[in-house]
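Structure file work-v3.cif (mmCIF, C-alpha atoms) is printed below.
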data_input
#
loop_
_atom_site.label_atom_id
_atom_site.label_comp_id
_atom_site.auth_asym_id
_atom_site.auth_seq_id
_atom_site.Cartn_x
_atom_site.Cartn_y
_atom_site.Cartn_z
CA MET Z 1177 0.00 0.00 0.00
CA ASN Z 1178 1.39 3.39 -1.02
CA THR Z 1179 2.31 6.17 1.37
CA TYR Z 1180 1.12 9.69 0.50
CA LEU Z 1181 2.02 13.11 1.86
CA ILE Z 1182 -0.61 15.73 1.04
CA LYS Z 1183 1.13 19.10 1.36
CA GLY Z 1184 -0.43 22.46 2.15
CA ALA Z 1185 -4.11 21.69 1.72
CA THR Z 1186 -6.83 23.71 3.41
CA LEU Z 1187 -8.49 21.12 5.63
CA VAL Z 1188 -12.23 21.45 6.26
CA ASN Z 1189 -12.98 19.35 9.30
CA GLU Z 1190 -15.05 19.48 12.49
CA GLY Z 1191 -16.24 23.04 11.96
CA GLN Z 1192 -12.84 24.51 11.11
CA GLN Z 1193 -10.66 25.42 8.14
CA PHE Z 1194 -6.87 25.36 8.47
CA ILE Z 1195 -3.83 24.71 6.29
CA ALA Z 1196 -1.90 21.55 7.11
CA ASP Z 1197 -0.04 18.55 5.73
CA VAL Z 1198 -1.54 15.06 5.98
CA LEU Z 1199 0.51 11.85 5.95
CA VAL Z 1200 -1.35 8.75 4.75
CA LYS Z 1201 0.24 5.39 5.53
CA ASN Z 1202 -1.07 1.80 5.59
CA GLY Z 1203 -4.53 3.06 4.67
CA LEU Z 1204 -4.78 5.37 7.68
CA ILE Z 1205 -4.21 9.04 8.45
CA GLU Z 1206 -0.92 8.77 10.32
CA LYS Z 1207 -0.14 12.42 10.97
CA ILE Z 1208 -1.72 15.85 10.56
CA GLY Z 1209 0.64 18.81 11.05
CA GLN Z 1210 2.85 21.53 9.66
CA SER Z 1211 5.94 21.01 7.51
CA LEU Z 1212 5.71 17.22 7.62
CA ALA Z 1213 8.44 15.20 5.89
CA ALA Z 1214 8.27 11.61 4.68
CA PRO Z 1215 10.97 10.69 2.14
CA GLU Z 1216 9.22 7.41 1.29
CA ALA Z 1217 5.90 9.09 0.52
CA GLN Z 1218 4.41 10.10 -2.82
CA GLU Z 1219 4.02 13.84 -2.35
CA ILE Z 1220 0.93 15.67 -3.57
CA ASN Z 1221 1.08 19.45 -3.80
CA ALA Z 1222 -2.31 20.61 -2.53
CA ASP Z 1223 -1.56 24.31 -2.35
CA GLY Z 1224 -4.82 26.16 -3.03
CA LEU Z 1225 -6.90 22.98 -2.78
CA TYR Z 1226 -9.39 22.01 -0.08
CA LEU Z 1227 -9.17 18.63 1.67
CA LEU Z 1228 -12.49 17.20 2.83
CA PRO Z 1229 -13.40 13.89 4.42
CA GLY Z 1230 -14.88 11.69 1.70
CA MET Z 1231 -18.64 11.88 1.29
CA ILE Z 1232 -20.53 8.93 2.79
CA ASP Z 1233 -23.71 8.29 0.80
CA ASP Z 1234 -26.33 6.48 2.88
CA GLN Z 1235 -28.73 5.87 -0.02
CA VAL Z 1236 -27.81 4.49 -3.43
CA HIS Z 1237 -29.31 1.97 -5.85
CA PHE Z 1238 -26.46 0.36 -7.80
CA ARG Z 1239 -28.79 -2.17 -9.51
CA GLU Z 1240 -26.73 -5.31 -8.99
CA PRO Z 1241 -27.81 -8.08 -9.11
CA GLY Z 1242 -30.58 -8.33 -11.67
CA LEU Z 1243 -30.72 -4.87 -13.24
CA THR Z 1244 -27.19 -4.53 -14.53
CA HIS Z 1245 -28.30 -3.11 -17.88
CA LYS Z 1246 -28.87 0.10 -15.90
CA ALA Z 1247 -25.83 0.02 -13.59
CA ASP Z 1248 -23.58 -2.25 -11.58
CA ILE Z 1249 -21.46 -1.96 -8.47
CA PHE Z 1250 -18.21 -1.45 -10.39
CA THR Z 1251 -19.44 1.31 -12.72
CA GLU Z 1252 -21.41 3.23 -10.10
CA SER Z 1253 -18.71 2.98 -7.44
CA MET Z 1254 -16.31 4.36 -10.06
CA ALA Z 1255 -18.65 7.31 -10.71
CA ALA Z 1256 -19.03 7.78 -6.95
CA VAL Z 1257 -15.28 7.96 -6.41
CA ALA Z 1258 -14.97 10.48 -9.25
CA GLY Z 1259 -17.55 12.55 -7.39
CA GLY Z 1260 -15.76 12.45 -4.04
CA ILE Z 1261 -17.96 9.75 -2.48
CA THR Z 1262 -15.71 7.27 -0.69
CA SER Z 1263 -18.36 5.08 1.00
CA PHE Z 1264 -21.89 4.06 0.05
CA MET Z 1265 -24.82 2.18 1.55
CA GLU Z 1266 -26.87 0.38 -1.08
CA MET Z 1267 -30.57 -0.41 -1.12
CA PRO Z 1268 -32.30 -3.82 -1.27
CA ASN Z 1269 -34.66 -3.33 -4.24
CA THR Z 1270 -32.43 -5.24 -6.63
CA VAL Z 1271 -33.56 -8.43 -8.42
CA PRO Z 1272 -34.08 -10.53 -6.45
CA ASN Z 1273 -34.97 -8.19 -3.59
CA THR Z 1274 -32.52 -8.49 -0.69
CA LEU Z 1275 -34.98 -10.17 1.68
CA THR Z 1276 -32.82 -13.00 3.05
CA GLN Z 1277 -29.47 -13.09 4.79
CA ASP Z 1278 -28.09 -15.27 1.98
CA LEU Z 1279 -29.04 -12.72 -0.67
CA LEU Z 1280 -27.52 -9.97 1.47
CA ALA Z 1281 -24.28 -11.98 1.70
CA ASP Z 1282 -24.27 -12.36 -2.10
CA LYS Z 1283 -24.23 -8.58 -2.55
CA TYR Z 1284 -21.36 -8.18 -0.12
CA GLN Z 1285 -19.42 -10.76 -2.11
CA ILE Z 1286 -19.97 -8.86 -5.38
CA ALA Z 1287 -18.80 -5.61 -3.76
CA ALA Z 1288 -15.73 -7.29 -2.25
CA GLU Z 1289 -14.68 -8.23 -5.79
CA THR Z 1290 -15.65 -5.08 -7.71
CA SER Z 1291 -16.30 -1.94 -5.62
CA LEU Z 1292 -13.84 0.93 -5.85
CA ALA Z 1293 -15.53 2.63 -2.88
CA ASN Z 1294 -16.16 1.38 0.65
CA TYR Z 1295 -19.54 -0.29 0.95
CA SER Z 1296 -22.42 -1.51 3.05
CA PHE Z 1297 -25.82 -2.94 2.13
CA TYR Z 1298 -29.24 -2.63 3.74
CA MET Z 1299 -31.30 -5.66 4.66
CA GLY Z 1300 -34.73 -5.36 3.05
CA ALA Z 1301 -38.03 -5.71 4.88
CA SER Z 1302 -41.28 -7.02 3.42
CA ASN Z 1303 -44.65 -7.96 4.86
CA ASP Z 1304 -43.47 -11.52 5.50
CA ASN Z 1305 -39.73 -11.75 6.24
CA ILE Z 1306 -39.47 -10.55 9.84
CA GLU Z 1307 -37.50 -13.65 10.87
CA GLU Z 1308 -34.78 -12.86 8.32
CA VAL Z 1309 -34.76 -9.17 9.27
CA LEU Z 1310 -34.15 -10.01 12.93
CA LYS Z 1311 -31.02 -12.01 12.03
CA THR Z 1312 -29.27 -8.86 10.74
CA ASP Z 1313 -25.89 -8.24 12.38
CA PRO Z 1314 -25.60 -4.65 13.71
CA LYS Z 1315 -21.79 -4.78 13.55
CA ASN Z 1316 -21.44 -5.18 9.79
CA VAL Z 1317 -24.75 -4.14 8.20
CA CYS Z 1318 -25.75 -0.47 7.92
CA GLY Z 1319 -29.48 -0.87 8.55
CA ILE Z 1320 -32.88 -2.24 7.63
CA LYS Z 1321 -34.78 -0.61 4.76
CA VAL Z 1322 -38.56 -0.28 4.90
CA PHE Z 1323 -40.52 1.04 1.91
CA MET Z 1324 -43.60 2.69 3.40
CA GLY Z 1325 -44.62 3.51 -0.18
CA SER Z 1326 -44.62 1.65 -3.48
CA SER Z 1327 -41.42 0.04 -4.63
CA THR Z 1328 -39.98 -2.84 -6.58
CA GLY Z 1329 -41.32 -6.36 -6.14
CA ASN Z 1330 -42.41 -7.50 -2.70
CA MET Z 1331 -41.02 -4.55 -0.76
CA LEU Z 1332 -44.03 -2.36 0.02
CA VAL Z 1333 -44.62 -2.76 3.75
CA ASP Z 1334 -48.22 -1.63 4.26
CA ASN Z 1335 -49.35 -4.10 6.90
CA GLU Z 1336 -49.74 -2.28 10.21
CA LYS Z 1337 -48.88 -5.36 12.27
CA THR Z 1338 -45.69 -5.89 10.23
CA LEU Z 1339 -44.65 -2.27 10.73
CA GLU Z 1340 -45.20 -2.58 14.48
CA ASN Z 1341 -43.17 -5.80 14.48
CA ILE Z 1342 -40.26 -4.19 12.66
CA PHE Z 1343 -40.29 -0.98 14.70
CA SER Z 1344 -40.55 -2.80 18.01
CA LYS Z 1345 -37.94 -5.52 17.33
CA ALA Z 1346 -35.41 -4.13 14.83
CA PRO Z 1347 -31.88 -4.75 16.13
CA ILE Z 1348 -30.44 -1.75 14.26
CA LEU Z 1349 -31.33 1.49 12.49
CA VAL Z 1350 -34.50 1.38 10.40
CA ALA Z 1351 -34.38 3.56 7.27
CA THR Z 1352 -37.73 4.38 5.70
CA HIS Z 1353 -39.04 5.60 2.36
CA CYS Z 1354 -42.16 7.48 3.45
CA GLU Z 1355 -45.03 8.05 1.01
CA ASP Z 1356 -48.57 6.96 1.84
CA GLU Z 1357 -49.63 4.50 -0.84
CA ALA Z 1358 -53.39 4.93 -0.35
CA THR Z 1359 -53.11 8.70 -0.82
CA ILE Z 1360 -51.04 8.28 -3.98
CA ARG Z 1361 -53.50 5.79 -5.48
CA GLU Z 1362 -56.40 8.10 -4.70
CA ASN Z 1363 -54.63 11.06 -6.32
CA LEU Z 1364 -53.71 9.00 -9.37
CA ALA Z 1365 -57.32 7.84 -9.81
CA LYS Z 1366 -58.52 11.46 -9.75
CA PHE Z 1367 -56.01 12.55 -12.38
CA LYS Z 1368 -56.79 9.57 -14.60
CA GLU Z 1369 -60.50 10.33 -14.32
CA GLN Z 1370 -59.84 13.83 -15.58
CA TYR Z 1371 -57.03 13.24 -18.10
CA GLY Z 1372 -57.22 9.56 -18.97
CA GLU Z 1373 -53.80 8.25 -19.94
CA ASP Z 1374 -52.56 11.73 -20.97
CA LEU Z 1375 -50.80 12.41 -17.69
CA THR Z 1376 -47.74 14.70 -17.79
CA ILE Z 1377 -44.65 15.10 -15.64
CA ASN Z 1378 -45.85 18.34 -14.01
CA MET Z 1379 -48.60 16.26 -12.34
CA HIS Z 1380 -46.03 14.06 -10.59
CA PRO Z 1381 -45.70 16.16 -7.39
CA LEU Z 1382 -49.50 16.44 -7.21
CA ILE Z 1383 -50.01 12.68 -7.53
CA ARG Z 1384 -47.14 11.83 -5.19
CA SER Z 1385 -48.20 14.73 -3.04
CA ALA Z 1386 -46.85 16.57 -0.03
CA GLU Z 1387 -49.79 15.14 1.93
CA ALA Z 1388 -48.74 11.58 1.03
CA CYS Z 1389 -45.23 12.28 2.31
CA TYR Z 1390 -46.31 13.93 5.55
CA LYS Z 1391 -48.89 11.27 6.36
CA SER Z 1392 -46.31 8.50 6.03
CA SER Z 1393 -43.43 10.35 7.72
CA SER Z 1394 -45.59 11.31 10.69
CA LEU Z 1395 -46.70 7.66 11.04
CA ALA Z 1396 -43.07 6.52 11.03
CA VAL Z 1397 -42.16 9.09 13.69
CA GLU Z 1398 -45.16 8.08 15.80
CA LEU Z 1399 -44.18 4.38 15.62
CA ALA Z 1400 -40.56 5.16 16.43
CA LYS Z 1401 -41.53 7.20 19.48
CA ARG Z 1402 -43.89 4.45 20.63
CA TYR Z 1403 -41.27 1.70 20.35
CA GLN Z 1404 -38.06 3.71 20.88
CA THR Z 1405 -36.87 2.66 17.42
CA ARG Z 1406 -33.68 4.05 15.90
CA LEU Z 1407 -35.40 5.62 12.88
CA HIS Z 1408 -33.82 7.36 9.89
CA ILE Z 1409 -36.26 8.88 7.37
CA LEU Z 1410 -34.86 9.17 3.88
CA HIS Z 1411 -35.20 11.88 1.21
CA ILE Z 1412 -37.38 14.49 2.93
CA SER Z 1413 -39.11 16.38 0.12
CA THR Z 1414 -41.50 18.84 1.80
CA ALA Z 1415 -41.13 21.89 4.03
CA ARG Z 1416 -43.94 20.61 6.27
CA GLU Z 1417 -42.01 17.48 7.27
CA ILE Z 1418 -39.17 19.52 8.79
CA ALA Z 1419 -41.20 20.12 11.96
CA LEU Z 1420 -41.25 16.35 12.63
CA PHE Z 1421 -37.55 16.43 13.50
CA ASP Z 1422 -35.86 17.80 16.62
CA ASN Z 1423 -32.87 20.14 16.36
CA SER Z 1424 -32.60 20.84 20.08
CA ILE Z 1425 -30.56 17.76 21.00
CA ALA Z 1426 -27.13 16.54 19.92
CA LEU Z 1427 -27.08 14.18 16.97
CA LYS Z 1428 -25.47 11.41 19.01
CA ASP Z 1429 -28.51 11.48 21.31
CA LYS Z 1430 -31.16 11.48 18.58
CA LYS Z 1431 -33.30 8.38 18.08
CA ILE Z 1432 -35.03 9.90 15.02
CA THR Z 1433 -32.96 11.41 12.20
CA ALA Z 1434 -33.64 12.61 8.67
CA GLU Z 1435 -31.95 12.87 5.29
CA ALA Z 1436 -32.18 15.41 2.47
CA CYS Z 1437 -31.15 14.55 -1.08
CA VAL Z 1438 -29.22 16.72 -3.50
CA HIS Z 1439 -31.99 16.76 -6.11
CA HIS Z 1440 -34.56 18.13 -3.66
CA LEU Z 1441 -32.09 20.88 -2.74
CA TRP Z 1442 -31.22 21.73 -6.36
CA PHE Z 1443 -34.45 21.34 -8.38
CA ASN Z 1444 -38.07 22.42 -7.91
CA ASP Z 1445 -41.30 21.89 -9.87
CA GLN Z 1446 -40.50 24.73 -12.27
CA ASP Z 1447 -37.68 22.56 -13.65
CA TYR Z 1448 -40.08 19.91 -15.01
CA ALA Z 1449 -40.65 22.18 -18.01
CA THR Z 1450 -37.04 21.73 -19.18
CA LYS Z 1451 -35.91 18.51 -17.46
CA GLY Z 1452 -39.08 16.41 -17.82
CA ASN Z 1453 -38.75 12.77 -16.74
CA PHE Z 1454 -35.04 13.25 -16.08
CA ILE Z 1455 -36.01 14.73 -12.70
CA LYS Z 1456 -38.81 12.26 -12.03
CA TRP Z 1457 -38.08 10.90 -8.56
CA ASN Z 1458 -40.01 9.33 -5.71
CA PRO Z 1459 -40.64 11.30 -3.56
CA ALA Z 1460 -41.25 13.95 -6.19
CA VAL Z 1461 -39.37 17.22 -6.60
CA LYS Z 1462 -41.92 19.72 -5.29
CA THR Z 1463 -42.34 23.49 -4.99
CA ALA Z 1464 -39.72 26.21 -4.58
CA ALA Z 1465 -41.10 26.71 -1.05
CA ASP Z 1466 -40.43 23.06 -0.29
CA GLN Z 1467 -36.95 23.34 -1.78
CA ALA Z 1468 -36.20 26.37 0.43
CA GLY Z 1469 -37.72 24.66 3.47
CA ILE Z 1470 -35.51 21.60 3.04
CA LEU Z 1471 -32.36 23.73 2.84
CA ALA Z 1472 -33.50 25.65 5.93
CA GLY Z 1473 -34.00 22.32 7.70
CA VAL Z 1474 -30.47 21.25 6.76
CA LEU Z 1475 -28.97 24.50 8.02
CA ALA Z 1476 -31.00 24.42 11.25
CA ASP Z 1477 -30.10 20.75 11.93
CA ASN Z 1478 -33.64 19.38 11.76
CA ILE Z 1479 -32.24 17.38 8.83
CA ASP Z 1480 -29.04 15.58 9.74
CA VAL Z 1481 -27.47 14.28 6.51
CA ILE Z 1482 -27.35 14.92 2.76
CA ALA Z 1483 -27.28 11.99 0.33
CA THR Z 1484 -28.07 11.19 -3.31
CA ASP Z 1485 -30.68 8.41 -3.72
CA HIS Z 1486 -28.67 7.58 -6.85
CA ALA Z 1487 -31.05 5.41 -8.91
CA PRO Z 1488 -30.07 5.11 -12.58
CA HIS Z 1489 -32.28 4.02 -15.47
CA THR Z 1490 -31.41 3.80 -19.14
CA LEU Z 1491 -31.93 6.78 -21.41
CA ALA Z 1492 -34.55 4.82 -23.35
CA GLU Z 1493 -36.48 4.09 -20.15
CA LYS Z 1494 -36.50 7.76 -19.12
CA GLN Z 1495 -37.55 8.91 -22.61
CA GLN Z 1496 -40.85 7.04 -22.39
CA SER Z 1497 -44.12 8.80 -21.58
CA TYR Z 1498 -44.56 10.15 -18.05
CA SER Z 1499 -46.66 7.19 -16.94
CA GLN Z 1500 -44.19 4.64 -18.32
CA ALA Z 1501 -40.90 6.29 -17.36
CA PRO Z 1502 -39.44 4.94 -14.10
CA SER Z 1503 -38.58 7.25 -11.20
CA GLY Z 1504 -34.99 7.86 -10.21
CA GLY Z 1505 -31.79 9.21 -11.69
CA PRO Z 1506 -27.99 9.02 -11.40
CA LEU Z 1507 -26.36 11.44 -8.97
CA VAL Z 1508 -23.21 10.13 -7.25
CA GLN Z 1509 -20.71 11.74 -9.63
CA HIS Z 1510 -22.24 15.20 -9.37
CA ALA Z 1511 -23.64 15.46 -5.85
CA LEU Z 1512 -20.59 16.99 -4.20
CA PRO Z 1513 -19.90 19.37 -7.12
CA ALA Z 1514 -23.55 20.53 -6.86
CA LEU Z 1515 -23.19 21.12 -3.12
CA LEU Z 1516 -19.93 23.00 -3.69
CA GLU Z 1517 -21.77 25.12 -6.27
CA MET Z 1518 -24.40 25.90 -3.63
CA HIS Z 1519 -21.55 26.95 -1.34
CA LEU Z 1520 -20.13 29.26 -3.99
CA GLN Z 1521 -23.64 30.72 -4.39
CA GLY Z 1522 -23.60 31.58 -0.67
CA LYS Z 1523 -26.27 29.06 0.34
CA ILE Z 1524 -24.24 26.72 2.57
CA SER Z 1525 -20.80 26.74 4.16
CA LEU Z 1526 -18.06 24.22 3.42
CA GLU Z 1527 -18.10 23.25 7.08
CA LYS Z 1528 -21.83 22.47 6.90
CA ILE Z 1529 -21.37 20.43 3.71
CA VAL Z 1530 -18.69 18.33 5.41
CA GLU Z 1531 -20.85 17.95 8.52
CA LYS Z 1532 -23.88 16.75 6.54
CA THR Z 1533 -22.05 14.50 4.06
CA ALA Z 1534 -19.37 12.93 6.26
CA HIS Z 1535 -19.28 13.67 10.01
CA ASN Z 1536 -22.98 13.16 10.63
CA LEU Z 1537 -23.15 9.94 8.61
CA ALA Z 1538 -20.42 8.48 10.81
CA ILE Z 1539 -22.36 9.53 13.93
CA CYS Z 1540 -25.81 8.49 12.65
CA PHE Z 1541 -24.70 5.02 11.61
CA ASP Z 1542 -21.92 4.49 14.21
CA ILE Z 1543 -19.39 3.93 11.41
CA GLU Z 1544 -16.02 2.83 12.68
CA LYS Z 1545 -13.07 5.20 12.08
CA ARG Z 1546 -14.49 7.08 9.10
CA GLY Z 1547 -16.13 10.41 8.33
CA PHE Z 1548 -13.50 12.68 9.92
CA ILE Z 1549 -9.95 13.82 9.16
CA ARG Z 1550 -8.39 12.42 12.31
CA GLU Z 1551 -5.13 10.64 13.06
CA GLY Z 1552 -5.75 6.90 13.27
CA TYR Z 1553 -8.85 7.06 11.05
CA TRP Z 1554 -9.13 5.53 7.59
CA ALA Z 1555 -7.87 7.92 4.92
CA ASP Z 1556 -11.12 8.56 3.04
CA LEU Z 1557 -10.22 11.95 1.63
CA VAL Z 1558 -11.17 14.27 -1.23
CA LEU Z 1559 -9.18 17.14 -2.69
CA VAL Z 1560 -11.26 19.79 -4.43
CA ASN Z 1561 -10.41 22.84 -6.49
CA LEU Z 1562 -13.07 25.50 -5.98
CA ASN Z 1563 -11.94 27.38 -9.10
CA ASP Z 1564 -11.73 24.73 -11.82
CA PRO Z 1565 -14.98 24.88 -13.83
CA PHE Z 1566 -16.26 21.93 -15.85
CA LYS Z 1567 -19.39 21.35 -17.89
CA VAL Z 1568 -21.34 18.11 -17.45
CA THR Z 1569 -21.56 16.38 -20.83
CA PRO Z 1570 -22.01 12.75 -21.93
CA VAL Z 1571 -18.25 12.66 -22.64
CA ASN Z 1572 -17.28 13.09 -18.97
CA ILE Z 1573 -20.07 11.05 -17.34
CA PHE Z 1574 -19.00 7.75 -15.75
CA TYR Z 1575 -22.45 6.29 -14.99
CA LYS Z 1576 -23.28 3.15 -16.93
CA CYS Z 1577 -26.54 4.80 -18.05
CA ALA Z 1578 -24.42 7.61 -19.60
CA TRP Z 1579 -26.71 10.54 -18.77
CA SER Z 1580 -27.14 12.99 -15.89
CA PRO Z 1581 -29.96 15.30 -14.71
CA PHE Z 1582 -27.17 17.92 -14.56
CA ASP Z 1583 -26.35 17.53 -18.27
CA GLY Z 1584 -25.30 20.94 -19.61
CA GLU Z 1585 -24.66 22.38 -16.13
CA THR Z 1586 -21.32 24.08 -15.48
CA PHE Z 1587 -19.95 23.56 -11.99
CA GLN Z 1588 -17.20 25.87 -10.72
CA ALA Z 1589 -15.54 23.27 -8.47
CA SER Z 1590 -13.82 20.03 -9.48
CA ILE Z 1591 -12.80 16.89 -7.61
CA THR Z 1592 -9.05 16.45 -8.25
CA HIS Z 1593 -8.13 13.47 -6.02
CA THR Z 1594 -10.11 10.85 -4.10
CA PHE Z 1595 -8.51 8.53 -1.54
CA VAL Z 1596 -10.44 5.42 -0.49
CA SER Z 1597 -9.11 3.66 2.62
CA GLY Z 1598 -5.71 5.17 1.93
CA ASN Z 1599 -5.57 4.30 -1.77
CA LEU Z 1600 -5.46 7.05 -4.38
CA ALA Z 1601 -8.46 5.76 -6.33
CA TYR Z 1602 -9.05 8.78 -8.58
CA GLN Z 1603 -6.86 11.57 -9.88
CA ASN Z 1604 -7.85 14.17 -12.47
CA GLY Z 1605 -10.09 11.94 -14.55
CA LYS Z 1606 -8.08 8.73 -14.14
CA PHE Z 1607 -8.82 5.74 -11.90
CA VAL Z 1608 -6.73 3.16 -10.07
CA THR Z 1609 -8.83 -0.01 -10.24
CA SER Z 1610 -6.27 -2.43 -8.77
CA GLU Z 1611 -7.20 -1.49 -5.19
CA LEU Z 1612 -10.76 -1.95 -3.94
CA GLY Z 1613 -12.86 -0.41 -1.19
CA LYS Z 1614 -13.50 -2.04 2.17
CA ARG Z 1615 -16.64 -3.23 3.93
CA LEU Z 1616 -17.86 -0.68 6.46
CA SER Z 1617 -18.01 -1.77 10.07
CA PHE Z 1618 -20.12 -0.27 12.85
CA THR Z 1619 -19.47 0.31 16.56
CA ARG Z 1620 -22.84 -0.85 17.83
#

Reformat the file's structure so that it appears as structure tokens.
Amino acid sequence: MNTYLIKGATLVNEGQQFIADVLVKNGLIEKIGQSLAAPEAQEINADGLYLLPGMIDDQVHFREPGLTHKADIFTESMAAVAGGITSFMEMPNTVPNTLTQDLLADKYQIAAETSLANYSFYMGASNDNIEEVLKTDPKNVCGIKVFMGSSTGNMLVDNEKTLENIFSKAPILVATHCEDEATIRENLAKFKEQYGEDLTINMHPLIRSAEACYKSSSLAVELAKRYQTRLHILHISTAREIALFDNSIALKDKKITAEACVHHLWFNDQDYATKGNFIKWNPAVKTAADQAGILAGVLADNIDVIATDHAPHTLAEKQQSYSQAPSGGPLVQHALPALLEMHLQGKISLEKIVEKTAHNLAICFDIEKRGFIREGYWADLVLVNLNDPFKVTPVNIFYKCAWSPFDGETFQASITHTFVSGNLAYQNGKFVTSELGKRLSFTR
């Protein structure tokens, strides 16, 4: 394993910015200080660059196994590393759905052989696999995923008794997708009655409405409070939901936490006119007021983490009619550049970005020795140049699906280097694929 000496970077870590050298050895951060020397090290001149802890993405869909025409763990982890994401947690709605411990083990085996980033996988819950869910090991699995809204295959959990069972007995964090299915079906029926099959993308946030989100999120919070569940609600998409989450206590003491996604911070319903199905997500991108409310919730610490919900589909799939086009889009390569753009626009500080994309993930999930620039921690590090503009085009996209909702966007900041567990995995458009990421472990 190579030794690296990062010289003169501006570190952004634990609420501070300061210039320092960082020595990386045997996969770990060995020393942080001034005027460090290490003759055996490969030296990287980071003068004028910012060094951040690598982004930890707690919600991705990398489509393997079963949907590898859209994406796979190798291609999407490569795109993630290019975007400064050093660790990911992947969702169970693959084919087959990850509803048994054996199927969960299969995914870990694929990642061990192909993932350029560090990895963990959620155990999936259904209406009839509680026995398998309860076997999940808190030490080496990130959490249990519950779809309280429609999803792939047998993963909609809409049985009240099942939900109570999961919330009362879950051995680890329960992550939920919250949209009330009955409300959505009722809204859809009303629109179809009026428009037949001629539904359009601008109706998406009205069908998958703010009411559907709040009804489901508030139920999840109520269940978690009743059973003292460690609950993490994913991709908050409405301003109203922010009030469900407490910002008066320290994150380490919270039993109920929440996530915002980059697309809900960047886009609003006015963008459907130009982006169409390319910004069709569940939960839907909603109003500018919702967009502003989510950012306010992030800044006020009602929302604890920022992630991507990376969920690629082929271009052909997304170019179908609104009703036929699947929801979801690729985001891991461009999430951090988008957040850095928001920083340069004066909307969020670098310190807050690092807190919400790295520090807080480590705290929320009890991740062992990651998420901070600290001596003795794994060297998951990202160097960024805040004045190196690039335009997103199909030529520089690494997703297997080969498109991005940010296509045509110019970002002012670039990722120059990404270190994964001490390996220089990405440098100025080039990858090192001989070294792979590691399985995340948890101090629970």

Hey, what comes out of the PyMOL selection byres ((chain Z and resi 1494-1502) around 10) on this file? Could you write it as a PyMOL selection string? chain Z and resi 1373-1380+1452-1458+1487-1493+1503-1505

Please measure the separation of CA of Ile1261 (chain Z) and CA of Leu1471 (chain Z), giving the value in Å to one decimal. 20.8 Å

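Selection by the PyMOL selection byres ((chain Z and resi 1354) around 7) on the present file picks out Phe1323, Met1324, Gly1325, Thr1352, His1353, Glu1355, Asp1356, Cys1389, Ser1392 and Ser1393 of chain Z.
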
Please produce an output containing C-alpha atoms for each residue in the selection, written as a PDB file, in the coordinates of the input.
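File selection.pdb, as written:
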ATOM      1  CA  PHE Z1323     -40.520   1.040   1.910  1.00  0.00           C
ATOM      2  CA  MET Z1324     -43.600   2.690   3.400  1.00  0.00           C
ATOM      3  CA  GLY Z1325     -44.620   3.510  -0.180  1.00  0.00           C
ATOM      4  CA  THR Z1352     -37.730   4.380   5.700  1.00  0.00           C
ATOM      5  CA  HIS Z1353     -39.040   5.600   2.360  1.00  0.00           C
ATOM      6  CA  GLU Z1355     -45.030   8.050   1.010  1.00  0.00           C
ATOM      7  CA  ASP Z1356     -48.570   6.960   1.840  1.00  0.00           C
ATOM      8  CA  CYS Z1389     -45.230  12.280   2.310  1.00  0.00           C
ATOM      9  CA  SER Z1392     -46.310   8.500   6.030  1.00  0.00           C
ATOM     10  CA  SER Z1393     -43.430  10.350   7.720  1.00  0.00           C
TER      11      SER Z1393
END

Quick one: what's the axis-aligned box for region 1345-1353 of chain Z, all listed atoms, 3 Å on every side, centre and edges in Å to one decimal, as AutoDock Vina command-line options?
--center_x -34.7 --center_y 0.0 --center_z 9.8 --size_x 14.6 --size_y 17.1 --size_z 21.0

Contacts of region 1290-1391 of chain Z with region 1262-1265 of chain Z up to 8 Å, shortest pair per row, all atoms listed in the file, as CSV:
residue,atom,partner,partner_atom,distance
Z:Ala1293,CA,Z:Thr1262,CA,5.1
Z:Asn1294,CA,Z:Ser1263,CA,4.3
Z:Tyr1295,CA,Z:Phe1264,CA,5.0
Z:Ser1296,CA,Z:Met1265,CA,4.7
Z:Phe1297,CA,Z:Met1265,CA,5.2
Z:Tyr1298,CA,Z:Met1265,CA,6.9
Z:Cys1318,CA,Z:Met1265,CA,7.0

Would you tabulate, counting all atoms listed in the file, all residues of region 1507-1550 of chain Z that have an atom at most 12 Å from an atom of region 1402-1417 of chain Z, showing the closest pair of atoms and their distance in Å to one decimal, sorted by chain then ascending number, as a Markdown table?
| residue | atom | partner | partner_atom | distance |
| --- | --- | --- | --- | --- |
| Z:Leu1537 | CA | Z:His1408 | CA | 11.1 |
| Z:Cys1540 | CA | Z:His1408 | CA | 8.5 |
| Z:Phe1541 | CA | Z:His1408 | CA | 9.6 |
| Z:Asp1542 | CA | Z:Arg1406 | CA | 11.9 |

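Computed from the coordinates, the CA of Ser1597 (chain Z) to CA of Leu1204 (chain Z) distance equals 6.9 Å.
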
Could you state which residues are captured by the PyMOL selection byres ((chain Z and resi 1230) around 12) in this file, as an MDAnalysis selection string? chainID Z and resid 1188:1189 1226:1229 1231:1233 1256:1264 1293:1294 1512 1529:1535 1537:1538 1546:1549 1554:1560 1591 1593:1598 1601

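Residue nearest Asn1561 (chain Z), chosen from Z:Leu1212, Z:Ser1590, Z:Asp1477, Z:Leu1181 and counting only C-alpha atoms: Z:Ser1590.
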
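Across the model, the gap from CA of Ala1468 (chain Z) to CA of Leu1441 (chain Z) is 7.6 Å.
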
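Proximity of Z:Ala1419, Z:Leu1279, Z:Ala1400, Z:Ala1255 to His1510 (chain Z), computed with all atoms listed in the file, is greatest for Z:Ala1255.
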
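All protein, DNA and RNA residues at most 10 Å from (-2.5, 26.7, -6.3) are Gly1184, Ala1185, Asn1221, Ala1222, Asp1223, Gly1224, Leu1225, Asn1561 and Asn1563 of chain Z, using only C-alpha atoms.
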